[in-house]
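Pasting upload-v4.cif here (mmCIF, C-alpha atoms and all ligand atoms):
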data_my_file
#
loop_
_atom_site.label_atom_id
_atom_site.label_comp_id
_atom_site.auth_asym_id
_atom_site.auth_seq_id
_atom_site.Cartn_x
_atom_site.Cartn_y
_atom_site.Cartn_z
CA MET A 176 45.31 -11.62 7.69
CA LEU A 177 41.95 -10.24 8.56
CA PRO A 178 40.12 -12.31 11.14
CA MET A 179 37.22 -9.94 10.45
CA PRO A 180 37.31 -6.72 8.44
CA SER A 181 36.76 -3.81 10.77
CA LEU A 182 36.40 -1.21 8.03
CA ILE A 183 35.98 -1.32 4.27
CA ARG A 184 36.67 1.76 2.15
CA HIS A 185 35.82 2.26 -1.52
CA LEU A 186 38.66 3.82 -3.50
CA ASN A 187 38.62 5.10 -7.07
CA CYS A 188 42.17 4.50 -8.24
CA VAL A 189 41.81 5.81 -11.82
CA THR A 190 39.27 8.22 -13.31
CA MET A 191 38.85 7.70 -17.06
CA ALA A 192 36.98 9.79 -19.60
CA PRO A 193 36.58 7.76 -22.81
CA ARG A 194 34.79 9.39 -25.72
CA THR A 195 31.90 7.27 -26.87
CA PRO A 196 30.80 7.42 -30.51
CA GLY A 197 27.89 9.82 -31.03
CA SER A 198 28.33 11.57 -27.69
CA MET A 199 29.78 15.05 -27.24
CA THR A 200 30.68 14.62 -23.60
CA PRO A 201 33.07 11.89 -22.54
CA ALA A 202 31.80 9.13 -20.28
CA ARG A 203 33.16 8.94 -16.75
CA MET A 204 34.63 5.65 -15.64
CA VAL A 205 36.38 4.70 -12.44
CA ALA A 206 38.65 1.93 -11.18
CA HIS A 207 36.74 0.81 -8.09
CA CYS A 208 39.05 -0.80 -5.53
CA LEU A 209 38.51 -1.79 -1.90
CA LEU A 210 40.73 -1.10 1.06
CA VAL A 211 39.86 -3.66 3.73
CA GLU A 212 41.14 -2.81 7.17
CA GLY A 213 41.45 -5.53 9.79
CA PRO A 214 43.11 -5.79 13.17
CA ASP A 215 46.21 -7.45 11.68
CA GLY A 216 46.70 -5.43 8.52
CA LEU A 217 45.21 -4.15 5.33
CA ALA A 218 44.08 -5.85 2.15
CA LEU A 219 43.37 -4.32 -1.23
CA VAL A 220 40.97 -5.64 -3.81
CA ASP A 221 42.48 -4.52 -7.15
CA THR A 222 44.99 -1.70 -7.42
CA GLY A 223 44.25 0.56 -10.42
CA PHE A 224 47.32 2.30 -11.77
CA GLY A 225 50.48 2.68 -9.73
CA THR A 226 52.93 5.52 -9.36
CA VAL A 227 55.21 4.23 -12.15
CA ASP A 228 52.27 3.85 -14.57
CA ILE A 229 51.46 7.50 -14.07
CA ALA A 230 55.05 8.78 -14.15
CA GLU A 231 56.00 6.79 -17.25
CA LYS A 232 52.61 6.32 -18.95
CA ARG A 233 53.38 2.61 -18.87
CA MET A 234 49.84 1.75 -19.99
CA GLY A 235 50.79 2.82 -23.53
CA ARG A 236 49.66 5.44 -25.99
CA ALA A 237 46.66 3.48 -27.31
CA PHE A 238 45.14 3.06 -23.83
CA VAL A 239 45.80 6.69 -22.88
CA GLY A 240 44.29 7.89 -26.17
CA LEU A 241 41.19 5.72 -25.88
CA MET A 242 40.47 5.90 -22.16
CA ALA A 243 41.88 9.34 -21.27
CA PRO A 244 42.91 8.40 -17.70
CA SER A 245 43.37 11.28 -15.27
CA LEU A 246 46.99 10.33 -14.42
CA ASP A 247 46.57 11.92 -11.00
CA PRO A 248 49.08 10.58 -8.44
CA ALA A 249 46.57 11.35 -5.66
CA GLU A 250 44.27 8.65 -7.09
CA THR A 251 46.79 5.83 -6.74
CA ALA A 252 46.06 3.23 -4.09
CA ILE A 253 49.33 4.00 -2.31
CA ALA A 254 48.46 7.71 -2.06
CA GLN A 255 45.04 6.83 -0.65
CA VAL A 256 46.49 4.28 1.78
CA ARG A 257 48.86 6.99 3.06
CA ALA A 258 46.04 9.54 3.24
CA ALA A 259 44.22 7.05 5.49
CA GLY A 260 47.20 7.14 7.85
CA TYR A 261 48.87 3.88 6.79
CA ASP A 262 52.06 2.83 5.09
CA ALA A 263 52.66 0.54 2.08
CA ALA A 264 54.00 -2.15 4.40
CA ASP A 265 50.67 -2.27 6.24
CA VAL A 266 49.09 -3.82 3.13
CA THR A 267 49.71 -7.52 3.68
CA ASP A 268 47.46 -8.90 0.95
CA ILE A 269 46.16 -7.89 -2.46
CA VAL A 270 43.35 -9.83 -4.11
CA LEU A 271 43.06 -9.26 -7.86
CA THR A 272 39.96 -9.77 -9.99
CA HIS A 273 42.38 -10.19 -12.90
CA LEU A 274 45.72 -8.90 -14.16
CA ASP A 275 44.60 -6.35 -16.77
CA LEU A 276 46.76 -3.23 -16.78
CA ASP A 277 44.14 -1.05 -15.05
CA HIS A 278 43.80 -3.53 -12.17
CA ALA A 279 47.37 -4.69 -11.53
CA GLY A 280 49.23 -1.38 -12.03
CA GLY A 281 49.56 -0.61 -8.34
CA LEU A 282 51.22 -3.92 -7.37
CA GLY A 283 54.72 -2.43 -7.42
CA ASP A 284 53.74 0.17 -4.81
CA PHE A 285 53.16 -2.69 -2.32
CA PRO A 286 56.16 -4.95 -2.98
CA ALA A 287 55.83 -6.87 0.31
CA ALA A 288 52.18 -7.85 -0.13
CA ARG A 289 51.00 -11.35 -0.97
CA VAL A 290 49.10 -11.21 -4.25
CA HIS A 291 46.15 -13.57 -4.62
CA VAL A 292 45.11 -14.48 -8.14
CA PHE A 293 43.62 -17.44 -9.97
CA ALA A 294 46.36 -19.65 -11.43
CA ASP A 295 44.72 -19.55 -14.89
CA GLU A 296 44.92 -15.77 -14.87
CA LEU A 297 48.58 -15.65 -13.89
CA ALA A 298 49.44 -18.27 -16.53
CA ALA A 299 47.60 -16.28 -19.21
CA ALA A 300 49.29 -13.03 -18.19
CA ARG A 301 52.72 -14.65 -18.24
CA ALA A 302 52.18 -16.42 -21.57
CA ARG A 303 50.41 -13.56 -23.41
CA THR A 304 49.64 -15.94 -26.27
CA SER A 305 47.05 -13.87 -28.17
CA PRO A 306 47.19 -10.30 -29.53
CA LYS A 307 44.50 -9.27 -27.01
CA GLU A 308 46.63 -10.60 -24.16
CA LYS A 309 49.77 -8.91 -25.49
CA ASN A 310 47.90 -5.61 -25.19
CA ARG A 311 46.09 -6.09 -21.90
CA TYR A 312 48.91 -7.48 -19.71
CA ILE A 313 51.98 -5.37 -18.88
CA GLU A 314 54.75 -7.54 -17.49
CA ALA A 315 56.59 -4.54 -16.04
CA GLN A 316 53.73 -4.11 -13.55
CA TRP A 317 54.85 -7.28 -11.76
CA ALA A 318 58.54 -7.29 -12.68
CA HIS A 319 59.38 -6.77 -8.99
CA GLY A 320 58.37 -10.39 -8.37
CA PRO A 321 55.37 -10.29 -6.02
CA SER A 322 54.75 -13.17 -3.62
CA TRP A 323 52.02 -14.70 -5.71
CA VAL A 324 49.43 -16.88 -4.03
CA GLU A 325 47.90 -18.89 -6.86
CA HIS A 326 44.42 -20.25 -6.28
CA THR A 327 42.74 -22.97 -8.29
CA VAL A 328 39.12 -22.83 -9.33
CA ALA A 329 37.65 -25.44 -7.00
CA GLY A 330 36.30 -25.60 -3.54
CA GLU A 331 33.40 -24.11 -1.70
CA GLU A 332 29.89 -23.00 -2.49
CA TRP A 333 28.72 -19.45 -1.88
CA LEU A 334 25.14 -18.32 -2.50
CA GLY A 335 24.71 -20.51 -5.57
CA PHE A 336 28.23 -20.03 -6.92
CA SER A 337 30.47 -23.09 -6.90
CA SER A 338 34.24 -23.54 -6.97
CA VAL A 339 34.73 -20.51 -4.78
CA ARG A 340 38.15 -20.09 -3.22
CA THR A 341 38.50 -18.86 0.33
CA VAL A 342 41.31 -16.36 0.90
CA THR A 343 40.12 -15.94 4.45
CA GLU A 344 36.79 -16.72 6.03
CA ASN A 345 35.73 -13.20 5.11
CA VAL A 346 37.29 -12.78 1.65
CA LEU A 347 36.30 -15.12 -1.18
CA MET A 348 37.38 -15.41 -4.81
CA VAL A 349 34.32 -16.18 -6.94
CA PRO A 350 35.13 -17.52 -10.45
CA LEU A 351 33.66 -15.21 -13.13
CA GLN A 352 35.69 -16.09 -16.24
CA GLY A 353 35.09 -14.65 -19.68
CA HIS A 354 36.51 -11.14 -19.71
CA THR A 355 39.86 -12.88 -19.16
CA ARG A 356 40.73 -16.57 -18.74
CA GLY A 357 41.08 -16.46 -14.95
CA HIS A 358 38.83 -13.53 -14.04
CA CYS A 359 37.05 -13.61 -10.68
CA GLY A 360 34.83 -11.56 -8.43
CA VAL A 361 35.90 -10.90 -4.85
CA ALA A 362 33.35 -11.16 -2.04
CA VAL A 363 34.14 -9.38 1.22
CA ARG A 364 32.06 -9.80 4.35
CA ARG A 365 30.83 -6.46 5.66
CA PRO A 366 31.32 -5.68 9.34
CA SER A 367 27.73 -4.39 9.39
CA GLY A 368 26.39 -7.66 7.94
CA GLY A 369 26.04 -9.11 4.46
CA TRP A 370 28.64 -8.93 1.71
CA PHE A 371 30.14 -6.75 -0.98
CA LEU A 372 30.80 -8.51 -4.28
CA HIS A 373 33.41 -6.71 -6.37
CA ALA A 374 32.47 -8.20 -9.74
CA GLY A 375 35.54 -6.84 -11.53
CA ASP A 376 35.00 -6.55 -15.29
CA SER A 377 32.32 -9.26 -15.49
CA TYR A 378 30.02 -6.38 -16.51
CA PHE A 379 30.66 -2.67 -17.07
CA ASN A 380 27.41 -0.77 -16.53
CA HIS A 381 25.01 -0.73 -13.57
CA GLY A 382 22.11 -1.36 -15.98
CA GLU A 383 23.51 -4.79 -16.76
CA LYS A 384 22.66 -6.18 -13.33
CA GLU A 385 18.99 -5.22 -13.71
CA ASN A 386 16.29 -7.23 -15.45
CA PRO A 387 16.05 -6.67 -18.38
CA PRO A 388 19.72 -5.68 -18.63
CA THR A 389 20.69 -2.45 -20.37
CA CYS A 390 24.07 -1.15 -21.47
CA PRO A 391 25.17 1.74 -23.72
CA SER A 392 26.06 0.33 -27.16
CA GLY A 393 29.66 1.58 -27.09
CA LEU A 394 30.31 -0.23 -23.82
CA ARG A 395 28.63 -3.37 -25.11
CA MET A 396 30.92 -3.36 -28.13
CA PHE A 397 33.97 -2.71 -25.99
CA GLN A 398 33.22 -5.68 -23.74
CA ALA A 399 32.80 -7.97 -26.74
CA MET A 400 36.04 -6.67 -28.23
CA VAL A 401 38.17 -7.45 -25.18
CA GLN A 402 36.53 -10.71 -23.98
CA MET A 403 38.46 -13.97 -24.01
CA ASP A 404 35.44 -16.31 -23.75
CA LYS A 405 32.10 -14.98 -24.96
CA LYS A 406 29.95 -17.86 -23.70
CA ALA A 407 31.47 -17.83 -20.22
CA ARG A 408 31.26 -14.03 -19.99
CA HIS A 409 27.54 -13.97 -20.78
CA ALA A 410 26.79 -16.94 -18.52
CA ASN A 411 28.59 -15.26 -15.64
CA ALA A 412 26.91 -11.89 -16.25
CA ASP A 413 23.59 -13.77 -16.02
CA ARG A 414 24.64 -15.36 -12.72
CA VAL A 415 25.65 -11.99 -11.27
CA ARG A 416 22.28 -10.57 -12.38
CA SER A 417 20.45 -13.42 -10.61
CA LEU A 418 22.51 -12.89 -7.48
CA HIS A 419 21.60 -9.20 -7.49
CA ALA A 420 17.90 -10.04 -7.97
CA GLU A 421 17.87 -12.67 -5.21
CA HIS A 422 20.27 -11.12 -2.71
CA GLY A 423 20.59 -7.43 -3.63
CA PRO A 424 19.57 -4.61 -1.30
CA GLY A 425 15.79 -4.56 -1.17
CA SER A 426 15.47 -8.27 -2.03
CA GLY A 427 14.50 -9.16 1.51
CA ALA A 428 17.07 -11.98 1.54
CA SER A 429 18.62 -12.93 4.86
CA GLU A 430 22.11 -12.51 3.37
CA ILE A 431 22.28 -9.20 1.45
CA VAL A 432 24.96 -8.83 -1.24
CA THR A 433 25.81 -5.40 -2.65
CA VAL A 434 27.23 -6.03 -6.12
CA PHE A 435 29.33 -3.55 -8.07
CA CYS A 436 31.73 -3.75 -10.99
CA ALA A 437 35.12 -2.11 -11.44
CA HIS A 438 34.39 0.74 -13.80
CA ASP A 439 30.84 2.02 -13.28
CA ALA A 440 30.82 5.55 -11.82
CA VAL A 441 27.15 5.37 -10.72
CA GLU A 442 27.84 2.32 -8.55
CA PHE A 443 31.03 3.88 -7.19
CA ASP A 444 29.34 7.18 -6.30
CA ALA A 445 26.62 5.32 -4.40
CA LEU A 446 29.26 3.56 -2.27
CA ALA A 447 32.08 6.14 -2.13
CA ASP A 448 31.09 7.43 1.30
CA VAL A 449 30.03 4.08 2.71
CA THR A 450 32.55 2.90 5.26
CA ASP A 451 31.72 -0.22 7.17
ZN ZN B 501 39.18 -3.13 -16.19
#
Just give me the structure as structure tokens.
Amino acid sequence: MLPMPSLIRHLNCVTMAPRTPGSMTPARMVAHCLLVEGPDGLALVDTGFGTVDIAEKRMGRAFVGLMAPSLDPAETAIAQVRAAGYDAADVTDIVLTHLDLDHAGGLGDFPAARVHVFADELAAARARTSPKEKNRYIEAQWAHGPSWVEHTVAGEEWLGFSSVRTVTENVLMVPLQGHTRGHCGVAVRRPSGGWFLHAGDSYFNHGEKENPPTCPSGLRMFQAMVQMDKKARHANADRVRSLHAEHGPGSGASEIVTVFCAHDAVEFDALADVTD
């Protein structure tokens, strides 16, 4: 797969409108995914919800009530892959930041793809040992039996991060545990130079990557409520903040990294029309 990405598109695969306490208007959240096009096929980073999630509301009543997802079939990754002129079978690889229901839902729409995930994450999703994990992981989303490619946390260095796993020379899995046990970021080399880092759910609001970090209180509470490892989550959010300070656009670094998380609409809107 992917000797060198020739085009990277930013897809929003679920719009959500959660009501935050004390606010009259609902917040807008997205599920920011990447479609990476290379000469030998396509790769997705995260998948949002899939067609069955939307048809059967597989994410459950509690999630639908809290997050108010749009449930628009046109937002699914498969619909957007087809709109780009491709077919499901063209997607050879999917790299997941983690297996939460709003990231893994689209797997079944690409049954032939290899699915890259950290082994700790897959083990946690299969075992579902805690109440939080019983809620966040939906086994039906991978009941079709994907060809999993399990990666261990060990290996290379990348811009100050250690134990980075190389999927290809141009796609790296960067360990960012805390939100879940095997959560990672995914770095993709941009054809125009530098990198994107899809930081998954390691933070939720664009203000968190600035110094000093800011985050609406409702979102801060939500992140604490769903985290699996508080210490690791905060340590990794700090590392992502340092990376943004040292390598972000405008830093003057030789290797520029554009960092974004999965659910922040401001970050998505800034990148939605960027194709490179
Ligand atoms: Zn998420």
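All residues that come within 7 Å of the coordinates (32.5, -12.5, -17.3), counting all atoms listed in the file, are given as Leu351, Gln352, Gly353, His354, Asp376, Ser377, Tyr378, Ala407, Arg408, His409, Asn411 and Ala412 of chain A.
In this comparison, which uses all atoms listed in the file, the residue of A:Phe238, A:His381, A:Gly223, A:Asp228 approaching Val441 of chain A most closely is A:His381.
Residue nearest Glu212 of chain A, chosen from A:Glu430, A:Asp265, A:Glu325, A:Glu250 and counting all atoms listed in the file: A:Asp265.
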Query - All residues having an atom within 9 Å of ligand ZN 501 (chain B) (all atoms listed in the file) as a list in words - result: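 The residues within 9 Å of ligand ZN 501 (chain B), counting all atoms listed in the file, are Ala206, Gly223, His273, Leu274, Asp275, Leu276, Asp277, His278, Gly375, Asp376, Phe379, Ala437 and His438 of chain A.
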Query raised in the report: Can you tell me, as a PyMOL selection string, what residues are no more than 12 Å from Trp317 of chain A when counting all atoms listed in the file, ignoring any on the same chain fewer than 2 positions away?
Result: chain A and resi 225+227-228+274-276+278-286+288+290+297+300-301+312-315+319-323
Report task. Counting all atoms listed in the file, find the residues whose atoms lie at most 7 Å from (34.5, -14.3, -0.1) (file coordinates) and write them out as a ChimeraX atom specification. Result -> /A:341,344-348,361-364
Restrict the selected residues to C-alpha atoms and save them as a PDB file, in the frame of the given file.
ATOM      1  CA  THR A 341      38.500 -18.860   0.330  1.00  0.00           C
ATOM      2  CA  GLU A 344      36.790 -16.720   6.030  1.00  0.00           C
ATOM      3  CA  ASN A 345      35.730 -13.200   5.110  1.00  0.00           C
ATOM      4  CA  VAL A 346      37.290 -12.780   1.650  1.00  0.00           C
ATOM      5  CA  LEU A 347      36.300 -15.120  -1.180  1.00  0.00           C
ATOM      6  CA  MET A 348      37.380 -15.410  -4.810  1.00  0.00           C
ATOM      7  CA  VAL A 361      35.900 -10.900  -4.850  1.00  0.00           C
ATOM      8  CA  ALA A 362      33.350 -11.160  -2.040  1.00  0.00           C
ATOM      9  CA  VAL A 363      34.140  -9.380   1.220  1.00  0.00           C
ATOM     10  CA  ARG A 364      32.060  -9.800   4.350  1.00  0.00           C
TER      11      ARG A 364
END
Query - Long-range neighbours of Met204 of chain A as a PyMOL selection string, 8 Å cut-off, only C-alpha atoms, 3 positions minimum in chain - result: chain A and resi 190-193+438-440
Report task. Find the spatial neighbours of Gly393 of chain A, counting only C-alpha atoms, within a cut-off of 9 Å - ignore same-chain residues fewer than 3 positions away - and output them as a PyMOL selection string. Result -> chain A and resi 195-196+390+396-398
Query raised in the report: Leaving out Phe371 of chain A and any residue of its chain fewer than 5 positions from it, which residues lie within 12 Å of it when counting all atoms listed in the file, given as number ranges by chain?
Result: A: 180, 183-185, 208-209, 211, 220, 345-349, 360-366, 418-419, 422-424, 430-436, 446, 449-451
**Report entry** Atom-to-atom span, atom CA of Lys309 of chain A and atom CA of Asp404 of chain A, Å
**Finding:**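 We find that atom CA of Lys309 of chain A and atom CA of Asp404 of chain A lie 16.2 Å from each other.
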**Report entry** Computed interatomic separation between atom CA of Val328 of chain A and atom CA of Pro387 of chain A (Å)
**Finding:**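 Distance reported for this atom pair: 29.6 Å.
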Query raised in the report: Taking all atoms listed in the file into account, which of A:Ala374, A:Ala230, A:Val189, A:Ala237 comes nearest Ala252 of chain A?
Result: A:Val189
Emit as lines of an AutoDock Vina configuration file the padded axis-aligned box for all listed atoms of segment 406-413 of chain A, 3 Å per side, with centre and edge lengths in Å to one decimal.
center_x = 27.5
center_y = -14.9
center_z = -19.7
size_x = 13.9
size_y = 12.0
size_z = 14.1
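Residues within 8 Å of Arg416 of chain A, counting all atoms listed in the file and excluding same-chain residues fewer than 5 positions away, are Glu383, Lys384, Glu385 and Asn386 of chain A.
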Query raised in the report: Quick one: distance from atom CA of Asn310 of chain A to atom CA of Ala287 of chain A in Å, one decimal?
Result: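 That distance, rounded to one decimal, is 26.7 Å.
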Requested in this report: Could you check which of A:Gln255, A:Thr200, A:Asn380, A:Thr327 is closest to Thr226 of chain A, using all atoms listed in the file?
Outcome: A:Gln255
Query raised in the report: Which of these residues is nearest to His326 of chain A, using all atoms listed in the file: A:Trp370, A:Thr355, A:Val270, A:Ser429?
Result: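 Nearest to His326 of chain A: A:Val270.
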Copy segment 307-344 of chain A out of the block into a file, keeping N, CA and C atoms, as an mmCIF file, in the first residue's frame.
data_model
loop_
_atom_site.group_PDB
_atom_site.id
_atom_site.type_symbol
_atom_site.label_atom_id
_atom_site.label_comp_id
_atom_site.auth_asym_id
_atom_site.auth_seq_id
_atom_site.Cartn_x
_atom_site.Cartn_y
_atom_site.Cartn_z
ATOM 1 N N LYS A 307 -17.404 0.983 31.283
ATOM 2 C CA LYS A 307 -17.105 1.967 30.221
ATOM 3 C C LYS A 307 -16.864 1.265 28.894
ATOM 4 N N GLU A 308 -16.131 0.154 28.954
ATOM 5 C CA GLU A 308 -15.781 -0.549 27.711
ATOM 6 C C GLU A 308 -16.966 -1.317 27.137
ATOM 7 N N LYS A 309 -17.883 -1.729 28.017
ATOM 8 C CA LYS A 309 -19.110 -2.375 27.514
ATOM 9 C C LYS A 309 -19.933 -1.373 26.711
ATOM 10 N N ASN A 310 -19.877 -0.109 27.103
ATOM 11 C CA ASN A 310 -20.645 0.923 26.391
ATOM 12 C C ASN A 310 -19.959 1.408 25.124
ATOM 13 N N ARG A 311 -18.634 1.512 25.166
ATOM 14 C CA ARG A 311 -17.960 2.218 24.065
ATOM 15 C C ARG A 311 -17.683 1.307 22.859
ATOM 16 N N TYR A 312 -17.547 -0.005 23.105
ATOM 17 C CA TYR A 312 -17.201 -0.913 22.006
ATOM 18 C C TYR A 312 -18.431 -1.701 21.567
ATOM 19 N N ILE A 313 -18.700 -1.729 20.283
ATOM 20 C CA ILE A 313 -19.848 -2.469 19.739
ATOM 21 C C ILE A 313 -19.317 -3.597 18.867
ATOM 22 N N GLU A 314 -19.404 -4.798 19.410
ATOM 23 C CA GLU A 314 -18.827 -5.962 18.704
ATOM 24 C C GLU A 314 -19.397 -6.148 17.301
ATOM 25 N N ALA A 315 -20.673 -5.813 17.129
ATOM 26 C CA ALA A 315 -21.315 -6.005 15.820
ATOM 27 C C ALA A 315 -20.604 -5.220 14.722
ATOM 28 N N GLN A 316 -19.896 -4.156 15.099
ATOM 29 C CA GLN A 316 -19.205 -3.341 14.084
ATOM 30 C C GLN A 316 -18.038 -4.091 13.434
ATOM 31 N N TRP A 317 -17.555 -5.141 14.099
ATOM 32 C CA TRP A 317 -16.487 -5.929 13.468
ATOM 33 C C TRP A 317 -16.848 -7.417 13.431
ATOM 34 N N ALA A 318 -18.145 -7.699 13.461
ATOM 35 C CA ALA A 318 -18.589 -9.096 13.437
ATOM 36 C C ALA A 318 -18.292 -9.773 12.096
ATOM 37 N N HIS A 319 -18.026 -8.975 11.059
ATOM 38 C CA HIS A 319 -17.705 -9.560 9.747
ATOM 39 C C HIS A 319 -16.298 -10.151 9.715
ATOM 40 N N GLY A 320 -15.522 -9.950 10.784
ATOM 41 C CA GLY A 320 -14.185 -10.545 10.834
ATOM 42 C C GLY A 320 -13.187 -9.870 9.923
ATOM 43 N N PRO A 321 -12.817 -8.628 10.238
ATOM 44 C CA PRO A 321 -11.826 -7.929 9.391
ATOM 45 C C PRO A 321 -10.475 -8.634 9.424
ATOM 46 N N SER A 322 -9.645 -8.383 8.423
ATOM 47 C CA SER A 322 -8.256 -8.877 8.516
ATOM 48 C C SER A 322 -7.498 -7.890 9.382
ATOM 49 N N TRP A 323 -7.459 -8.196 10.655
ATOM 50 C CA TRP A 323 -6.772 -7.312 11.599
ATOM 51 C C TRP A 323 -5.267 -7.369 11.372
ATOM 52 N N VAL A 324 -4.612 -6.249 11.472
ATOM 53 C CA VAL A 324 -3.159 -6.211 11.550
ATOM 54 C C VAL A 324 -2.846 -5.571 12.899
ATOM 55 N N GLU A 325 -2.432 -6.408 13.844
ATOM 56 C CA GLU A 325 -2.197 -5.928 15.206
ATOM 57 C C GLU A 325 -0.765 -5.428 15.341
ATOM 58 N N HIS A 326 -0.631 -4.224 15.838
ATOM 59 C CA HIS A 326 0.699 -3.635 16.017
ATOM 60 C C HIS A 326 1.007 -3.541 17.504
ATOM 61 N N THR A 327 2.259 -3.752 17.853
ATOM 62 C CA THR A 327 2.644 -3.583 19.250
ATOM 63 C C THR A 327 3.288 -2.219 19.435
ATOM 64 N N VAL A 328 3.161 -1.709 20.656
ATOM 65 C CA VAL A 328 3.726 -0.404 20.965
ATOM 66 C C VAL A 328 5.222 -0.589 21.185
ATOM 67 N N ALA A 329 5.993 -0.319 20.175
ATOM 68 C CA ALA A 329 7.449 -0.485 20.233
ATOM 69 C C ALA A 329 7.973 -0.073 18.882
ATOM 70 N N GLY A 330 9.214 0.316 18.842
ATOM 71 C CA GLY A 330 9.757 0.579 17.525
ATOM 72 C C GLY A 330 10.432 1.914 17.402
ATOM 73 N N GLU A 331 9.996 2.678 16.409
ATOM 74 C CA GLU A 331 10.773 3.831 15.970
ATOM 75 C C GLU A 331 10.517 5.091 16.783
ATOM 76 N N GLU A 332 11.334 6.076 16.502
ATOM 77 C CA GLU A 332 11.179 7.417 17.058
ATOM 78 C C GLU A 332 10.617 8.311 15.965
ATOM 79 N N TRP A 333 9.794 9.266 16.357
ATOM 80 C CA TRP A 333 9.277 10.239 15.394
ATOM 81 C C TRP A 333 9.072 11.573 16.114
ATOM 82 N N LEU A 334 9.884 12.544 15.800
ATOM 83 C CA LEU A 334 9.766 13.898 16.336
ATOM 84 C C LEU A 334 9.547 13.917 17.854
ATOM 85 N N GLY A 335 10.334 13.131 18.562
ATOM 86 C CA GLY A 335 10.257 13.139 20.020
ATOM 87 C C GLY A 335 9.317 12.094 20.599
ATOM 88 N N PHE A 336 8.529 11.460 19.766
ATOM 89 C CA PHE A 336 7.664 10.371 20.234
ATOM 90 C C PHE A 336 8.410 9.056 20.037
ATOM 91 N N SER A 337 8.308 8.168 21.028
ATOM 92 C CA SER A 337 8.990 6.879 20.889
ATOM 93 C C SER A 337 7.953 5.782 20.691
ATOM 94 N N SER A 338 8.429 4.590 20.410
ATOM 95 C CA SER A 338 7.569 3.409 20.258
ATOM 96 C C SER A 338 6.529 3.578 19.156
ATOM 97 N N VAL A 339 6.914 4.308 18.141
ATOM 98 C CA VAL A 339 6.016 4.547 17.015
ATOM 99 C C VAL A 339 6.059 3.354 16.067
ATOM 100 N N ARG A 340 4.922 2.970 15.565
ATOM 101 C CA ARG A 340 4.838 1.817 14.668
ATOM 102 C C ARG A 340 4.670 2.289 13.225
ATOM 103 N N THR A 341 5.431 1.751 12.339
ATOM 104 C CA THR A 341 5.334 2.148 10.939
ATOM 105 C C THR A 341 4.374 1.228 10.206
ATOM 106 N N VAL A 342 3.304 1.793 9.672
ATOM 107 C CA VAL A 342 2.392 1.014 8.819
ATOM 108 C C VAL A 342 3.002 0.960 7.429
ATOM 109 N N THR A 343 3.346 2.132 6.915
ATOM 110 C CA THR A 343 4.219 2.245 5.756
ATOM 111 C C THR A 343 5.166 3.385 6.084
ATOM 112 N N GLU A 344 6.100 3.607 5.211
ATOM 113 C CA GLU A 344 7.055 4.697 5.416
ATOM 114 C C GLU A 344 6.341 6.036 5.638
#
